[in-house]
Amino acid sequence: MQISYKWLSDLVEEIPPVERLAELLTHAGLEVEAIERKGQGLDHVVVGRVVEKTPVPGSDKLNVCKVDAGQGELLQIVCGASNYGVGARVPTALVGAELPNGMRIEKRKLRGVESSGMLCSEVELGLSEEGSGLMILDEDAPVGTPIVEYLGLDDVVLTLNATPNRPDWLSHLGVARELVALTGTRLALQGAAPKESGRAAAELISVEIAAPERCRRYAARVVEGVRFGPSPRWMQQRLTACGVRALGNVIDVTNYVLLETGHPLHAFDLDKVRGGIVVRMATPGEKLTTLDGKERTLVEDDLVIADKERALVLAGVMGGADAEVGEGTTRVLLESAHFAPSGVRRSSKRHGLHTESSHRFERGADVEAVRYAIDRAAQLIQELAGGEVRPGVIDVYPGKAPQQEVALRWKRPAEILGVDVPAETSKRILVSLGFEPVAEDEKGARFRVPTFRTDVGLEADLV
């Protein structure tokens with residue numbers, strides 16, 4: 001699991017320095033395997049603007065450019081790329097820069113023409129493994145701005161090894177909760193209140209759960225009038241930092257909310273859904289073409305999300321191509337659900353598909369995160385892709401059960417740990433981790449277990 005330090009900083013009121021953060025998390029059992037400081041090797045790369053561009057005599061590809069890089073005088077740089085023109089803003093490596101690929105920028109001559117710098121591609125900046133041509137920046141990119149600052153690369157990414165029994169750690173919010181308990185700071189939970197208007201969502205789509213033993217809860221929201229396109233730079237940066245490719249605003253929002261909350265989501269093109277949504281078991285031999293382009297033959301143990309005519313999603317694992325969102329999508333159906341871990345695990349293994357979604361559902365997602373995650377996604381889609389969020393959440397919840405409670409005798413921590421832990425200290429620690437005391441006396445207390453702590457069921461777990 002990769003965690004962005006800047007992103008985590010948004011979720012807690014105070015955050016310790018990176019090294020101290022890594023130490024705290026590791027001592028708490030959440031091992032930090034690596035610390036990567038983004039933007040290394042880009043210290044002397046700035047936003048430049050091409051002022052002039054003329055061919056180098058005797059060359060078919062090279063051009064000599066005059067570039068304003070905010071240095072007080074124009075730089076003369078020879079460039080062999082072809083995907084730019086006068087006025088283009090591009091990353092410009094100054095003399096003395098040493099790029100991530102090891103290339104050192106010095107004054108030199110190309111075809112007898114002096115060159116003082118380099119216009120860069122994403123590959124040369126270490127931002128992509130493949131590509132052709134220069135990286136073209138927005139037209140309003142401020143000339144002379146350090147590229148690390150402009151692209152938001154002033155971040156640190158921590159690679160964490162979350163143990164299988166702690167699925168709540170598979171998100172920025174989960175790590176933030178742990179940090180709050182470790183440091184005494186406070187959580188800064190992000191808003192999830194989309195503005196609703198128009199026809200009720202229930203008038204546009206229906207939801208039926210035909211396999212309640214495999215799907216405890218299924219919620220749906222509708223957003224219409226969406227404009228599909230690129231996500232803003234800040235969202236792309238955060239996704240990329242966590243190893244997720246940006247694919248377009250609607251898709252990016254679902255991935256962003258997954259990485260933030262730990263709860264997987266799916267987005268359908270509502271115009272491609274034929275009738276209402278049915279959560280059911282697959283019929284033997286039923287076909288589904290998943291988003292990786294492969295046609296899969298399903299078995300009756302596979303849970304699917306279907307419409308009235310065909311399967312659309314291999315539940316908890318991967319979406320299908322038939323109702324995929326993309327260019328031309330204007331009406332979005334959002335899904336947020338809870339699936340039985342064992343069923344997702346079997347389908348994932350059977351079809352050779354291990355995804356960000358299946359990784360979390362297999363370990364046990366938080367059933368009560370369903371509503372917050374879908375509201376958060378609807379709000380972000382509204383902000384980033386426009387459109388109107390239709391009133392109401394269609395929330396089918398046949399698997400609702402009383403929240404689990406576990407008792408703790410005040411003497412047990414000392415008996416098990418061999419360390420004296422006062423009752424008030426035990427209570428303070430558990431409350432900081434989200435456990436709610438519901439009854440208490442001089443001998444002990446009973447705590448309501450937060451639904452995101454699927455690993456807790458016994459007194460020893462509280463200890």
# chains A, B, ... in the order shown; residues from 1 in each chain; ligands from 1

$ select_by_dssp --residues "range 120-234 of chain A" --states "strand (DSSP E)" --output "list of chain:residue names"
A:Val156, A:Val157, A:Leu158, A:Thr159, A:Leu160, A:Asn161, A:Val207, A:Glu208, A:Ile209, A:Cys215, A:Arg216, A:Arg217, A:Tyr218, A:Ala219, A:Ala220, A:Arg221, A:Val222, A:Val223, A:Glu224

$ residues_around --residues "Leu187 in chain A" --least-positions-apart "2" --cutoff "8 Å" --atoms "only C-alpha atoms" --output "PyMOL selection string"
chain A and resi 11-13+176-177+180+185+189

$ closest_residue --among "A:Cys215, A:Ala192, A:Val86, A:Leu334" --to "Met281 in chain A" --atoms "only C-alpha atoms"
A:Cys215

$ closest_residue --among "A:Asp60, A:Asp168, A:Asp155, A:Glu335" --to "Leu30 in chain A" --atoms "only C-alpha atoms"
A:Asp168

$ closest_residue --among "A:Leu134, A:Val157, A:Leu74, A:Val148" --to "Gln40 in chain A" --atoms "only C-alpha atoms"
A:Val148

$ select_by_dssp --residues "range 330-377 of chain A" --states "alpha helix (DSSP H)" --output "PyMOL selection string"
chain A and resi 341-350+356-363+369-377

$ residues_around --residues "Leu458 in chain A" --least-positions-apart "4" --cutoff "10 Å" --atoms "only C-alpha atoms" --output "PyMOL selection string"
chain A and resi 405-408+462-463

$ write_last_selection --atoms "all heavy atoms" --output "CSV table (one decimal), in the first residue's frame"
chain,number,residue,atom,x,y,z
A,405,GLU,N,-20.3,-6.0,20.1
A,405,GLU,CA,-19.7,-5.5,21.4
A,405,GLU,C,-18.8,-6.6,22.0
A,405,GLU,O,-19.1,-7.8,22.0
A,405,GLU,CB,-20.9,-5.2,22.4
A,405,GLU,CG,-21.8,-4.0,21.8
A,405,GLU,CD,-22.9,-3.7,22.8
A,405,GLU,OE1,-23.0,-4.3,23.9
A,405,GLU,OE2,-23.7,-2.8,22.5
A,406,VAL,N,-17.7,-6.1,22.6
A,406,VAL,CA,-16.8,-7.0,23.3
A,406,VAL,C,-16.4,-6.4,24.6
A,406,VAL,O,-16.2,-5.2,24.8
A,406,VAL,CB,-15.5,-7.1,22.4
A,406,VAL,CG1,-14.4,-8.0,23.2
A,406,VAL,CG2,-15.8,-7.7,21.1
A,407,ALA,N,-16.4,-7.2,25.7
A,407,ALA,CA,-16.0,-6.8,27.0
A,407,ALA,C,-14.6,-6.9,27.3
A,407,ALA,O,-13.9,-7.8,26.8
A,407,ALA,CB,-16.8,-7.6,28.0
A,408,LEU,N,-14.1,-6.0,28.2
A,408,LEU,CA,-12.7,-6.0,28.6
A,408,LEU,C,-12.6,-5.9,30.1
A,408,LEU,O,-13.2,-4.9,30.7
A,408,LEU,CB,-11.9,-4.8,28.0
A,408,LEU,CG,-10.5,-4.7,28.5
A,408,LEU,CD1,-9.6,-5.8,28.0
A,408,LEU,CD2,-9.9,-3.3,28.0
A,462,LEU,N,-8.9,-6.9,22.1
A,462,LEU,CA,-8.9,-5.5,22.7
A,462,LEU,C,-7.5,-5.3,23.4
A,462,LEU,O,-6.9,-4.3,23.3
A,462,LEU,CB,-10.0,-5.3,23.7
A,462,LEU,CG,-11.4,-5.4,23.1
A,462,LEU,CD1,-12.4,-5.1,24.2
A,462,LEU,CD2,-11.6,-4.3,22.0
A,463,VAL,N,-7.1,-6.4,24.1
A,463,VAL,CA,-5.8,-6.3,24.8
A,463,VAL,C,-4.7,-6.0,23.7
A,463,VAL,O,-3.8,-5.2,23.9
A,463,VAL,CB,-5.5,-7.6,25.6
A,463,VAL,CG1,-4.0,-7.5,26.2
A,463,VAL,CG2,-6.5,-7.7,26.7

$ residues_around --residues "Arg409 in chain A" --least-positions-apart "6" --cutoff "8 Å" --atoms "only C-alpha atoms" --output "ChimeraX atom specification"
/A:443-445

$ write_last_selection --atoms "C-alpha atoms" --output "CSV table (one decimal), in the first residue's frame"
chain,number,residue,atom,x,y,z
A,443,LYS,CA,-14.2,-4.5,37.0
A,444,GLY,CA,-14.2,-3.6,33.3
A,445,ALA,CA,-16.2,-2.2,30.4

$ residues_around --residues "range 268-278 of chain A" --least-positions-apart "3" --cutoff "6 Å" --atoms "only C-alpha atoms" --output "list in words"
Ile205, Ser206, Val207, Glu208, Ile209, Ile305, Ala306, Asp307, Lys308, Ala323, Glu324, Val325, Arg331, Val332 and Leu333 of chain A

$ write_last_selection --atoms "C-alpha atoms" --output "mmCIF file, in the first residue's frame"
data_model
loop_
_atom_site.group_PDB
_atom_site.id
_atom_site.type_symbol
_atom_site.label_atom_id
_atom_site.label_comp_id
_atom_site.auth_asym_id
_atom_site.auth_seq_id
_atom_site.Cartn_x
_atom_site.Cartn_y
_atom_site.Cartn_z
ATOM 1 C CA ILE A 205 -32.914 3.094 -11.480
ATOM 2 C CA SER A 206 -33.956 0.197 -9.255
ATOM 3 C CA VAL A 207 -31.802 -2.196 -7.212
ATOM 4 C CA GLU A 208 -32.574 -5.803 -6.243
ATOM 5 C CA ILE A 209 -30.308 -8.103 -4.221
ATOM 6 C CA ILE A 305 -23.952 -7.192 -10.903
ATOM 7 C CA ALA A 306 -26.384 -7.430 -13.789
ATOM 8 C CA ASP A 307 -29.141 -5.497 -15.476
ATOM 9 C CA LYS A 308 -32.316 -7.134 -16.727
ATOM 10 C CA ALA A 323 -21.543 -0.438 -19.377
ATOM 11 C CA GLU A 324 -18.098 1.135 -19.146
ATOM 12 C CA VAL A 325 -17.873 4.909 -18.698
ATOM 13 C CA ARG A 331 -25.219 9.876 -17.137
ATOM 14 C CA VAL A 332 -23.402 7.985 -14.394
ATOM 15 C CA LEU A 333 -24.694 5.299 -12.069
#

$ residues_around --residues "Leu151 in chain A" --least-positions-apart "3" --cutoff "8 Å" --atoms "only C-alpha atoms" --output "count of residues only"
4

$ residues_around --residues "Tyr218 in chain A" --least-positions-apart "4" --cutoff "8 Å" --atoms "only C-alpha atoms" --output "PDB file with all heavy atoms, in the first residue's frame"
ATOM      1  N   VAL A 207     -32.827  -1.254  -7.670  1.00  0.00           N
ATOM      2  CA  VAL A 207     -31.802  -2.196  -7.212  1.00  0.00           C
ATOM      3  C   VAL A 207     -32.483  -3.367  -6.512  1.00  0.00           C
ATOM      4  O   VAL A 207     -33.346  -3.177  -5.656  1.00  0.00           O
ATOM      5  CB  VAL A 207     -30.810  -1.521  -6.241  1.00  0.00           C
ATOM      6  CG1 VAL A 207     -29.867  -2.562  -5.643  1.00  0.00           C
ATOM      7  CG2 VAL A 207     -30.011  -0.443  -6.959  1.00  0.00           C
ATOM      8  N   ILE A 209     -31.350  -7.156  -4.641  1.00  0.00           N
ATOM      9  CA  ILE A 209     -30.308  -8.103  -4.221  1.00  0.00           C
ATOM     10  C   ILE A 209     -30.936  -9.488  -4.167  1.00  0.00           C
ATOM     11  O   ILE A 209     -31.745  -9.786  -3.288  1.00  0.00           O
ATOM     12  CB  ILE A 209     -29.715  -7.733  -2.850  1.00  0.00           C
ATOM     13  CG1 ILE A 209     -29.043  -6.359  -2.925  1.00  0.00           C
ATOM     14  CG2 ILE A 209     -28.704  -8.792  -2.401  1.00  0.00           C
ATOM     15  CD1 ILE A 209     -28.438  -5.897  -1.605  1.00  0.00           C
ATOM     16  N   GLU A 335     -22.003   2.842  -7.926  1.00  0.00           N
ATOM     17  CA  GLU A 335     -22.239   1.683  -7.072  1.00  0.00           C
ATOM     18  C   GLU A 335     -21.294   1.713  -5.878  1.00  0.00           C
ATOM     19  O   GLU A 335     -20.098   1.977  -6.020  1.00  0.00           O
ATOM     20  CB  GLU A 335     -21.988   0.398  -7.859  1.00  0.00           C
ATOM     21  CG  GLU A 335     -21.837  -0.859  -7.002  1.00  0.00           C
ATOM     22  CD  GLU A 335     -21.236  -2.031  -7.769  1.00  0.00           C
ATOM     23  OE1 GLU A 335     -21.871  -2.455  -8.738  1.00  0.00           O
ATOM     24  OE2 GLU A 335     -20.124  -2.482  -7.412  1.00  0.00           O
ATOM     25  N   SER A 336     -21.851   1.444  -4.702  1.00  0.00           N
ATOM     26  CA  SER A 336     -21.051   1.228  -3.497  1.00  0.00           C
ATOM     27  C   SER A 336     -21.702   0.072  -2.764  1.00  0.00           C
ATOM     28  O   SER A 336     -22.889   0.136  -2.439  1.00  0.00           O
ATOM     29  CB  SER A 336     -21.034   2.488  -2.621  1.00  0.00           C
ATOM     30  OG  SER A 336     -20.255   2.293  -1.465  1.00  0.00           O
ATOM     31  N   ALA A 337     -20.943  -1.005  -2.520  1.00  0.00           N
ATOM     32  CA  ALA A 337     -21.565  -2.219  -1.994  1.00  0.00           C
ATOM     33  C   ALA A 337     -20.649  -2.923  -1.017  1.00  0.00           C
ATOM     34  O   ALA A 337     -19.493  -2.518  -0.794  1.00  0.00           O
ATOM     35  CB  ALA A 337     -21.922  -3.160  -3.151  1.00  0.00           C
ATOM     36  N   HIS A 338     -21.174  -3.981  -0.425  1.00  0.00           N
ATOM     37  CA  HIS A 338     -20.379  -4.828   0.469  1.00  0.00           C
ATOM     38  C   HIS A 338     -20.599  -6.275   0.063  1.00  0.00           C
ATOM     39  O   HIS A 338     -21.738  -6.762   0.026  1.00  0.00           O
ATOM     40  CB  HIS A 338     -20.787  -4.634   1.923  1.00  0.00           C
ATOM     41  CG  HIS A 338     -19.924  -5.412   2.886  1.00  0.00           C
ATOM     42  ND1 HIS A 338     -20.113  -6.761   3.120  1.00  0.00           N
ATOM     43  CD2 HIS A 338     -18.858  -5.038   3.627  1.00  0.00           C
ATOM     44  CE1 HIS A 338     -19.204  -7.182   3.986  1.00  0.00           C
ATOM     45  NE2 HIS A 338     -18.434  -6.156   4.308  1.00  0.00           N
ATOM     46  N   VAL A 370     -20.103   2.148   3.115  1.00  0.00           N
ATOM     47  CA  VAL A 370     -20.808   2.172   1.830  1.00  0.00           C
ATOM     48  C   VAL A 370     -21.397   3.548   1.545  1.00  0.00           C
ATOM     49  O   VAL A 370     -21.219   4.109   0.462  1.00  0.00           O
ATOM     50  CB  VAL A 370     -21.908   1.090   1.801  1.00  0.00           C
ATOM     51  CG1 VAL A 370     -22.874   1.317   0.648  1.00  0.00           C
ATOM     52  CG2 VAL A 370     -21.279  -0.302   1.704  1.00  0.00           C
ATOM     53  N   ASP A 395     -30.465   2.516  -1.220  1.00  0.00           N
ATOM     54  CA  ASP A 395     -29.612   1.786  -0.282  1.00  0.00           C
ATOM     55  C   ASP A 395     -30.348   0.532   0.189  1.00  0.00           C
ATOM     56  O   ASP A 395     -31.190   0.584   1.083  1.00  0.00           O
ATOM     57  CB  ASP A 395     -29.262   2.698   0.895  1.00  0.00           C
ATOM     58  CG  ASP A 395     -28.173   2.112   1.798  1.00  0.00           C
ATOM     59  OD1 ASP A 395     -27.786   0.954   1.579  1.00  0.00           O
ATOM     60  OD2 ASP A 395     -27.734   2.818   2.718  1.00  0.00           O
ATOM     61  N   VAL A 396     -30.008  -0.596  -0.437  1.00  0.00           N
ATOM     62  CA  VAL A 396     -30.636  -1.872  -0.093  1.00  0.00           C
ATOM     63  C   VAL A 396     -29.698  -2.582   0.881  1.00  0.00           C
ATOM     64  O   VAL A 396     -28.548  -2.874   0.545  1.00  0.00           O
ATOM     65  CB  VAL A 396     -30.881  -2.731  -1.347  1.00  0.00           C
ATOM     66  CG1 VAL A 396     -31.599  -4.020  -0.978  1.00  0.00           C
ATOM     67  CG2 VAL A 396     -31.694  -1.934  -2.369  1.00  0.00           C
ATOM     68  N   TYR A 397     -30.206  -2.886   2.089  1.00  0.00           N
ATOM     69  CA  TYR A 397     -29.323  -3.334   3.168  1.00  0.00           C
ATOM     70  C   TYR A 397     -29.947  -4.519   3.918  1.00  0.00           C
ATOM     71  O   TYR A 397     -30.287  -4.426   5.086  1.00  0.00           O
ATOM     72  CB  TYR A 397     -29.085  -2.161   4.120  1.00  0.00           C
ATOM     73  CG  TYR A 397     -27.927  -2.291   5.080  1.00  0.00           C
ATOM     74  CD1 TYR A 397     -27.572  -1.216   5.891  1.00  0.00           C
ATOM     75  CD2 TYR A 397     -27.178  -3.473   5.204  1.00  0.00           C
ATOM     76  CE1 TYR A 397     -26.520  -1.297   6.793  1.00  0.00           C
ATOM     77  CE2 TYR A 397     -26.134  -3.565   6.092  1.00  0.00           C
ATOM     78  CZ  TYR A 397     -25.809  -2.474   6.891  1.00  0.00           C
ATOM     79  OH  TYR A 397     -24.760  -2.565   7.778  1.00  0.00           O
TER      80      TYR A 397
END

$ closest_residue --among "A:Asp461, A:Asp252, A:Glu327, A:Glu224" --to "Gly386 in chain A" --atoms "only C-alpha atoms"
A:Glu224

$ atom_distance --atom1 "CA of Ile15 in chain A" --atom2 "CA of His263 in chain A"
23.5 Å

$ atom_distance --atom1 "CA of Pro264 in chain A" --atom2 "CA of Val156 in chain A"
24.3 Å

$ closest_residue --among "A:Gly102, A:Gly72, A:Gly152, A:Gly326" --to "Ala241 in chain A" --atoms "only C-alpha atoms"
A:Gly152
